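Note: the block below is upload_36.txt and it holds compact mmCIF, C-alpha atoms.
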# COMPACT_ATOMS: atom_id res chain seq x y z
CA MET A 1090 19.99 96.31 -150.82
CA MET A 1091 19.94 97.03 -154.54
CA ASN A 1092 23.08 96.18 -156.42
CA GLU A 1093 23.80 93.18 -154.20
CA THR A 1094 22.70 89.58 -154.14
CA VAL A 1095 20.15 88.67 -151.50
CA ASN A 1096 20.48 85.24 -149.92
CA LEU A 1097 16.99 84.26 -148.86
CA GLU A 1098 17.89 82.00 -145.98
CA ALA A 1099 20.21 84.62 -144.49
CA ALA A 1100 17.56 87.29 -145.00
CA PHE A 1101 15.06 85.37 -142.88
CA GLN A 1102 17.47 85.63 -139.96
CA GLN A 1103 16.61 89.33 -139.97
CA ILE A 1104 12.87 88.66 -139.77
CA PRO A 1105 11.93 87.48 -136.30
CA GLU A 1106 8.20 88.22 -136.32
CA PRO A 1107 5.45 86.47 -138.29
CA TRP A 1108 3.26 88.49 -140.67
CA VAL A 1109 5.56 91.52 -140.74
CA PRO A 1110 6.86 91.69 -144.31
CA VAL A 1111 10.29 93.10 -145.08
CA VAL A 1112 11.19 94.63 -148.45
CA ALA A 1113 14.05 92.65 -150.01
CA GLY A 1114 14.07 94.14 -153.51
CA GLU A 1115 12.35 96.67 -155.75
CA LEU A 1116 11.97 96.71 -159.53
CA ASN A 1117 9.61 98.17 -162.09
CA GLY A 1118 7.35 99.60 -159.39
CA GLN A 1119 7.04 96.16 -157.79
CA GLN A 1120 8.51 94.85 -154.57
CA VAL A 1121 9.93 91.55 -153.42
CA LYS A 1122 8.87 91.05 -149.84
CA LEU A 1123 9.80 88.33 -147.40
CA ALA A 1124 7.54 87.27 -144.57
CA ARG A 1125 7.27 84.56 -141.99
CA ALA A 1126 3.83 83.03 -141.63
CA ARG A 1127 2.56 81.33 -138.49
CA GLY A 1128 -1.03 80.37 -137.78
CA SER A 1129 -3.83 82.45 -139.31
CA TYR A 1130 -3.68 85.84 -140.95
CA ILE A 1131 -6.87 87.83 -141.50
CA TRP A 1132 -9.46 87.86 -144.27
CA HIS A 1133 -8.85 90.77 -146.63
CA HIS A 1134 -8.58 91.66 -150.30
CA LEU A 1135 -6.41 93.92 -152.42
CA ALA A 1136 -8.62 95.99 -154.70
CA ASP A 1137 -6.08 96.69 -157.45
CA GLU A 1138 -3.18 94.31 -156.95
CA ASP A 1139 -2.55 90.69 -157.79
CA GLU A 1140 -0.32 89.04 -155.20
CA LEU A 1141 2.15 86.21 -155.63
CA PHE A 1142 3.01 83.87 -152.76
CA LEU A 1143 6.09 81.68 -153.21
CA VAL A 1144 6.68 79.24 -150.34
CA LEU A 1145 10.38 78.83 -149.57
CA LYS A 1146 9.93 76.74 -146.44
CA GLY A 1147 6.96 74.95 -144.90
CA THR A 1148 3.40 75.04 -146.16
CA LEU A 1149 0.91 77.83 -146.70
CA GLU A 1150 -2.83 77.47 -147.12
CA ILE A 1151 -4.73 80.27 -148.77
CA HIS A 1152 -8.43 80.33 -148.04
CA LEU A 1153 -10.29 82.01 -150.90
CA ARG A 1154 -13.84 83.32 -151.22
CA GLU A 1155 -14.75 82.87 -154.87
CA GLU A 1156 -18.23 83.80 -156.02
CA ASP A 1157 -20.51 81.74 -153.82
CA HIS A 1158 -18.07 79.26 -152.31
CA GLU A 1159 -14.85 79.00 -150.36
CA ARG A 1160 -11.88 76.91 -151.32
CA VAL A 1161 -8.46 76.29 -149.82
CA VAL A 1162 -5.32 76.26 -151.93
CA THR A 1163 -2.35 74.51 -150.34
CA ILE A 1164 1.06 75.79 -151.44
CA GLY A 1165 3.86 73.40 -150.63
CA GLU A 1166 7.56 74.20 -150.36
CA GLY A 1167 8.92 75.28 -153.73
CA ALA A 1168 5.56 76.25 -155.19
CA PHE A 1169 3.77 79.53 -155.81
CA PHE A 1170 0.23 80.80 -156.24
CA ILE A 1171 -1.15 84.13 -157.46
CA VAL A 1172 -4.20 85.61 -155.70
CA PRO A 1173 -6.02 87.75 -158.27
CA ARG A 1174 -6.95 91.28 -157.31
CA GLY A 1175 -10.30 91.67 -155.59
CA VAL A 1176 -10.45 88.13 -154.21
CA GLU A 1177 -11.01 87.82 -150.45
CA HIS A 1178 -8.33 85.61 -148.99
CA LYS A 1179 -6.84 84.48 -145.71
CA PRO A 1180 -3.34 82.97 -145.57
CA VAL A 1181 -2.78 80.29 -142.93
CA ALA A 1182 0.42 78.48 -142.00
CA PRO A 1183 -1.01 75.38 -140.37
CA ASN A 1184 2.25 73.64 -139.41
CA GLY A 1185 4.28 76.32 -137.66
CA ASP A 1186 6.66 78.72 -139.33
CA ALA A 1187 6.53 79.11 -143.13
CA HIS A 1188 8.84 81.33 -145.17
CA LEU A 1189 7.19 83.34 -147.93
CA LEU A 1190 8.42 85.44 -150.83
CA LEU A 1191 5.80 87.89 -152.12
CA PHE A 1192 5.76 89.80 -155.42
CA GLU A 1193 3.37 92.71 -155.59
CA PRO A 1194 3.22 96.40 -156.48
CA ALA A 1195 5.10 98.76 -154.18
CA SER A 1196 1.76 100.41 -153.44
CA THR A 1197 0.33 97.27 -151.82
CA ARG A 1198 -1.04 97.62 -148.28
CA ASN A 1199 -0.43 94.41 -146.32
CA THR A 1200 -3.94 94.11 -144.92
CA GLY A 1201 -5.57 95.48 -148.06
CA ASN A 1202 -9.05 96.84 -147.37
CA VAL A 1203 -8.93 96.00 -143.64
CA ASP A 1204 -7.57 98.11 -140.77
CA HIS A 1205 -5.99 95.76 -138.27
CA ALA A 1206 -3.17 95.46 -135.74
CA HIS A 1207 -1.19 93.85 -138.59
CA THR A 1208 -1.56 96.91 -140.83
CA ILE A 1209 1.64 98.63 -141.92
CA GLU A 1210 1.31 101.35 -144.54
CA PRO A 1211 3.34 100.64 -147.71
CA GLY A 1212 5.94 103.36 -147.16
CA GLU A 1213 6.59 102.22 -143.60
CA LEU A 1214 7.79 98.68 -144.20
CA THR A 1215 11.33 97.85 -143.17
CA THR A 1216 13.85 97.34 -145.94
CA LEU A 1217 16.37 94.57 -145.64
CA ASP A 1218 19.90 95.75 -144.71
CA MET B 1180 -1.78 78.28 -165.26
CA MET B 1181 -3.51 81.05 -163.33
CA ASN B 1182 -5.71 79.95 -160.50
CA GLU B 1183 -3.49 76.97 -159.71
CA THR B 1184 -0.35 76.43 -157.72
CA VAL B 1185 2.86 76.03 -159.71
CA ASN B 1186 5.41 73.59 -158.35
CA LEU B 1187 8.76 74.86 -159.54
CA GLU B 1188 10.61 71.55 -159.64
CA ALA B 1189 7.81 69.92 -161.63
CA ALA B 1190 7.66 72.93 -163.96
CA PHE B 1191 11.32 72.49 -164.90
CA GLN B 1192 10.47 69.03 -166.21
CA GLN B 1193 8.60 70.87 -168.96
CA ILE B 1194 11.63 72.98 -169.89
CA PRO B 1195 14.21 70.88 -171.73
CA GLU B 1196 16.22 73.61 -173.44
CA PRO B 1197 18.57 76.13 -171.88
CA TRP B 1198 17.93 79.86 -172.36
CA VAL B 1199 14.35 79.43 -173.57
CA PRO B 1200 12.18 81.02 -170.89
CA VAL B 1201 8.68 79.76 -170.18
CA VAL B 1202 5.96 81.94 -168.65
CA ALA B 1203 4.83 80.43 -165.35
CA GLY B 1204 2.70 83.27 -164.02
CA GLU B 1205 1.45 86.76 -164.77
CA LEU B 1206 0.45 89.54 -162.40
CA ASN B 1207 0.21 93.31 -162.46
CA GLY B 1208 1.66 93.49 -165.97
CA GLN B 1209 4.67 91.46 -164.87
CA GLN B 1210 5.61 87.88 -165.64
CA VAL B 1211 7.22 85.08 -163.71
CA LYS B 1212 9.43 83.18 -166.12
CA LEU B 1213 11.40 80.00 -165.62
CA ALA B 1214 14.56 79.24 -167.53
CA ARG B 1215 17.38 76.75 -167.55
CA ALA B 1216 20.84 78.28 -167.87
CA ARG B 1217 23.86 76.43 -169.26
CA GLY B 1218 27.14 78.00 -170.29
CA SER B 1219 27.16 81.58 -171.56
CA TYR B 1220 24.27 83.72 -172.70
CA ILE B 1221 24.93 86.90 -174.71
CA TRP B 1222 25.75 90.46 -173.74
CA HIS B 1223 22.61 92.63 -173.92
CA HIS B 1224 20.65 95.22 -172.00
CA LEU B 1225 17.00 95.98 -171.37
CA ALA B 1226 16.37 99.66 -171.96
CA ASP B 1227 13.31 100.09 -169.76
CA GLU B 1228 13.07 97.03 -167.56
CA ASP B 1229 14.77 95.96 -164.36
CA GLU B 1230 15.18 92.18 -164.25
CA LEU B 1231 15.21 89.85 -161.26
CA PHE B 1232 17.16 86.57 -161.33
CA LEU B 1233 16.37 84.10 -158.55
CA VAL B 1234 18.53 80.97 -158.61
CA LEU B 1235 16.56 77.87 -157.63
CA LYS B 1236 19.28 75.36 -158.45
CA GLY B 1237 22.97 75.67 -159.25
CA THR B 1238 24.91 78.89 -159.64
CA LEU B 1239 24.55 81.85 -161.98
CA GLU B 1240 27.18 84.46 -162.69
CA ILE B 1241 26.08 87.78 -164.10
CA HIS B 1242 28.77 89.76 -165.86
CA LEU B 1243 27.99 93.46 -165.68
CA ARG B 1244 29.40 96.48 -167.50
CA GLU B 1245 29.13 99.36 -165.08
CA GLU B 1246 30.47 102.74 -166.09
CA ASP B 1247 34.11 102.08 -166.93
CA HIS B 1248 34.58 98.62 -165.47
CA GLU B 1249 33.21 95.11 -165.52
CA ARG B 1250 32.26 93.06 -162.51
CA VAL B 1251 30.87 89.59 -161.97
CA VAL B 1252 28.08 88.93 -159.52
CA THR B 1253 27.75 85.31 -158.40
CA ILE B 1254 24.25 84.25 -157.42
CA GLY B 1255 24.20 81.03 -155.42
CA GLU B 1256 21.27 78.69 -154.94
CA GLY B 1257 18.51 80.41 -152.96
CA ALA B 1258 19.67 83.93 -153.75
CA PHE B 1259 18.50 86.65 -156.13
CA PHE B 1260 19.90 89.70 -157.86
CA ILE B 1261 18.24 92.56 -159.72
CA VAL B 1262 19.91 93.89 -162.88
CA PRO B 1263 18.89 97.54 -163.21
CA ARG B 1264 17.50 98.73 -166.56
CA GLY B 1265 20.07 99.91 -169.04
CA VAL B 1266 22.96 97.87 -167.63
CA GLU B 1267 24.79 95.62 -170.11
CA HIS B 1268 24.91 92.11 -168.72
CA LYS B 1269 25.74 88.55 -169.65
CA PRO B 1270 24.41 85.63 -167.60
CA VAL B 1271 26.68 82.59 -167.36
CA ALA B 1272 26.02 79.23 -165.70
CA PRO B 1273 29.58 78.03 -165.18
CA ASN B 1274 28.83 74.65 -163.57
CA GLY B 1275 26.28 73.04 -165.84
CA ASP B 1276 22.54 73.42 -165.58
CA ALA B 1277 21.12 76.17 -163.36
CA HIS B 1278 17.40 76.77 -162.73
CA LEU B 1279 16.29 80.38 -162.78
CA LEU B 1280 13.13 82.22 -161.86
CA LEU B 1281 12.87 85.61 -163.58
CA PHE B 1282 10.53 88.39 -162.64
CA GLU B 1283 10.13 91.23 -165.14
CA PRO B 1284 7.52 93.20 -167.11
CA ALA B 1285 5.46 91.21 -169.61
CA SER B 1286 6.88 93.50 -172.31
CA THR B 1287 10.45 92.27 -171.76
CA ARG B 1288 12.29 90.90 -174.80
CA ASN B 1289 14.65 88.11 -173.77
CA THR B 1290 17.68 89.40 -175.66
CA GLY B 1291 16.84 93.06 -175.03
CA ASN B 1292 18.53 95.32 -177.56
CA VAL B 1293 20.21 92.47 -179.43
CA ASP B 1294 18.85 90.37 -182.30
CA HIS B 1295 20.15 86.84 -181.89
CA ALA B 1296 19.29 83.20 -182.44
CA HIS B 1297 18.08 83.24 -178.79
CA THR B 1298 15.57 86.04 -179.47
CA ILE B 1299 11.91 85.23 -178.82
CA GLU B 1300 9.48 88.14 -179.01
CA PRO B 1301 7.54 88.68 -175.75
CA GLY B 1302 4.16 87.52 -177.08
CA GLU B 1303 5.66 84.32 -178.48
CA LEU B 1304 6.98 82.73 -175.31
CA THR B 1305 5.47 79.43 -174.28
CA THR B 1306 3.20 79.44 -171.27
CA LEU B 1307 3.44 76.61 -168.79
CA ASP B 1308 0.59 74.08 -169.04

For the file at hand, write its structure as structure tokens.
Amino acid sequence: MMNETVNLEAAFQQIPEPWVPVVAGELNGQQVKLARARGSYIWHHLADEDELFLVLKGTLEIHLREEDHERVVTIGEGAFFIVPRGVEHKPVAPNGDAHLLLFEPASTRNTGNVDHAHTIEPGELTTLD
Amino acid sequence: MMNETVNLEAAFQQIPEPWVPVVAGELNGQQVKLARARGSYIWHHLADEDELFLVLKGTLEIHLREEDHERVVTIGEGAFFIVPRGVEHKPVAPNGDAHLLLFEPASTRNTGNVDHAHTIEPGELTTLD
């Protein structure tokens, strides 16, 4: 994986399932993860980690609970958004499959504070071939 | 900048000059930078920072000095490559303008160990509106 170029479109061929991130690169204690999104994820927050969502294909909505209100951020293809640490959020791909690139610390747990069927502990994520 | 989505294509409208990175996002002590590449940059290395180059448009070659040989990595559109810390490298955009997204620690100096007309100290980079 390291020491080679990673073609994003080809990489997504290795990712059949939605919401199961794959590690595509690691640097400075951070990871580049790729994930397909489809429908709704779960509400959760990351206590100590900011999380970047770059949309490579499709559209991603991120529902956010900020202070006393909710808002929805829509990330179109070719755009990114950073969810600050501590903010409750729920990613949703409303129009079928979206392709996401995530930047976050290697320590990040995918469902944050929540235990869920989607949970995969950080050390147990698959790394791209 | 924070708290909003960043559309990459629109952001590049704000970046007229090649090799002058602009900060487009910050998270976990790292920065997302955008840069145009045109022709050859300079040989340099970053002592303590790995550096990710994601090519959004065009093609980027990275010349690398590894142990006793040189090699050239070609990063096509939609692909990324991570230059490990300490490795001498020279980015080259051989076919005109390329659009790059860089991910690296906020402490990173753009010309690394080299003082050059291209040098901009980390705190003095422009941040995207």

Residue neighbourhood Val1181 of chain A, 9 Å, only C-alpha atoms, exclusion window fewer than 4 positions, as a PDB file with C-alpha atoms, keeping the file's coordinate frame:
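Saved to out_34.pdb:
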ATOM      1  CA  ALA A1126       3.830  83.030-141.630  1.00  0.00           C
ATOM      2  CA  ARG A1127       2.560  81.330-138.490  1.00  0.00           C
ATOM      3  CA  GLY A1128      -1.030  80.370-137.780  1.00  0.00           C
ATOM      4  CA  SER A1129      -3.830  82.450-139.310  1.00  0.00           C
ATOM      5  CA  TYR A1130      -3.680  85.840-140.950  1.00  0.00           C
ATOM      6  CA  ILE A1131      -6.870  87.830-141.500  1.00  0.00           C
ATOM      7  CA  THR A1148       3.400  75.040-146.160  1.00  0.00           C
ATOM      8  CA  LEU A1149       0.910  77.830-146.700  1.00  0.00           C
ATOM      9  CA  GLU A1150      -2.830  77.470-147.120  1.00  0.00           C
ATOM     10  CA  ILE A1151      -4.730  80.270-148.770  1.00  0.00           C
ATOM     11  CA  HIS A1152      -8.430  80.330-148.040  1.00  0.00           C
TER      12      HIS A1152
END

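What chain A places within 7 Å of chain B, counting all atoms listed in the file, is A:Asn1092, A:Glu1093, A:Thr1094, A:Val1095, A:Asn1096, A:Leu1097, A:Leu1116, A:Asn1117, A:Glu1138, A:Asp1139, A:Ile1164, A:Gly1167, A:Ala1168, A:Phe1169, A:Phe1170, A:Ile1171.
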
List as a list in words the protein and nucleic acid residues near Asp1294 of chain B, meaning an atom at most 12 Å away when only C-alpha atoms are counted, but skip any in the same chain fewer than 5 places from it.
Ile1221, Trp1222, His1223, His1224, Arg1288, Asn1289, Ile1299 and Glu1300 of chain B

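Proximity to Gly1201 of chain A was assessed for A:His1188, A:His1178, A:Lys1146, A:Arg1160 counting only C-alpha atoms; the smallest distance is recorded for A:His1178.
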
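Shortest atom-to-atom contact with Asn1292 of chain B among B:Leu1307, B:Glu1267, B:His1248, B:Glu1196: B:Glu1267, counting only C-alpha atoms.
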
For the atom pair atom CA of Pro1195 of chain B and atom CA of Ala1226 of chain B, what is the interatomic distance in Å to one decimal place?
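So the answer is 28.9 Å.
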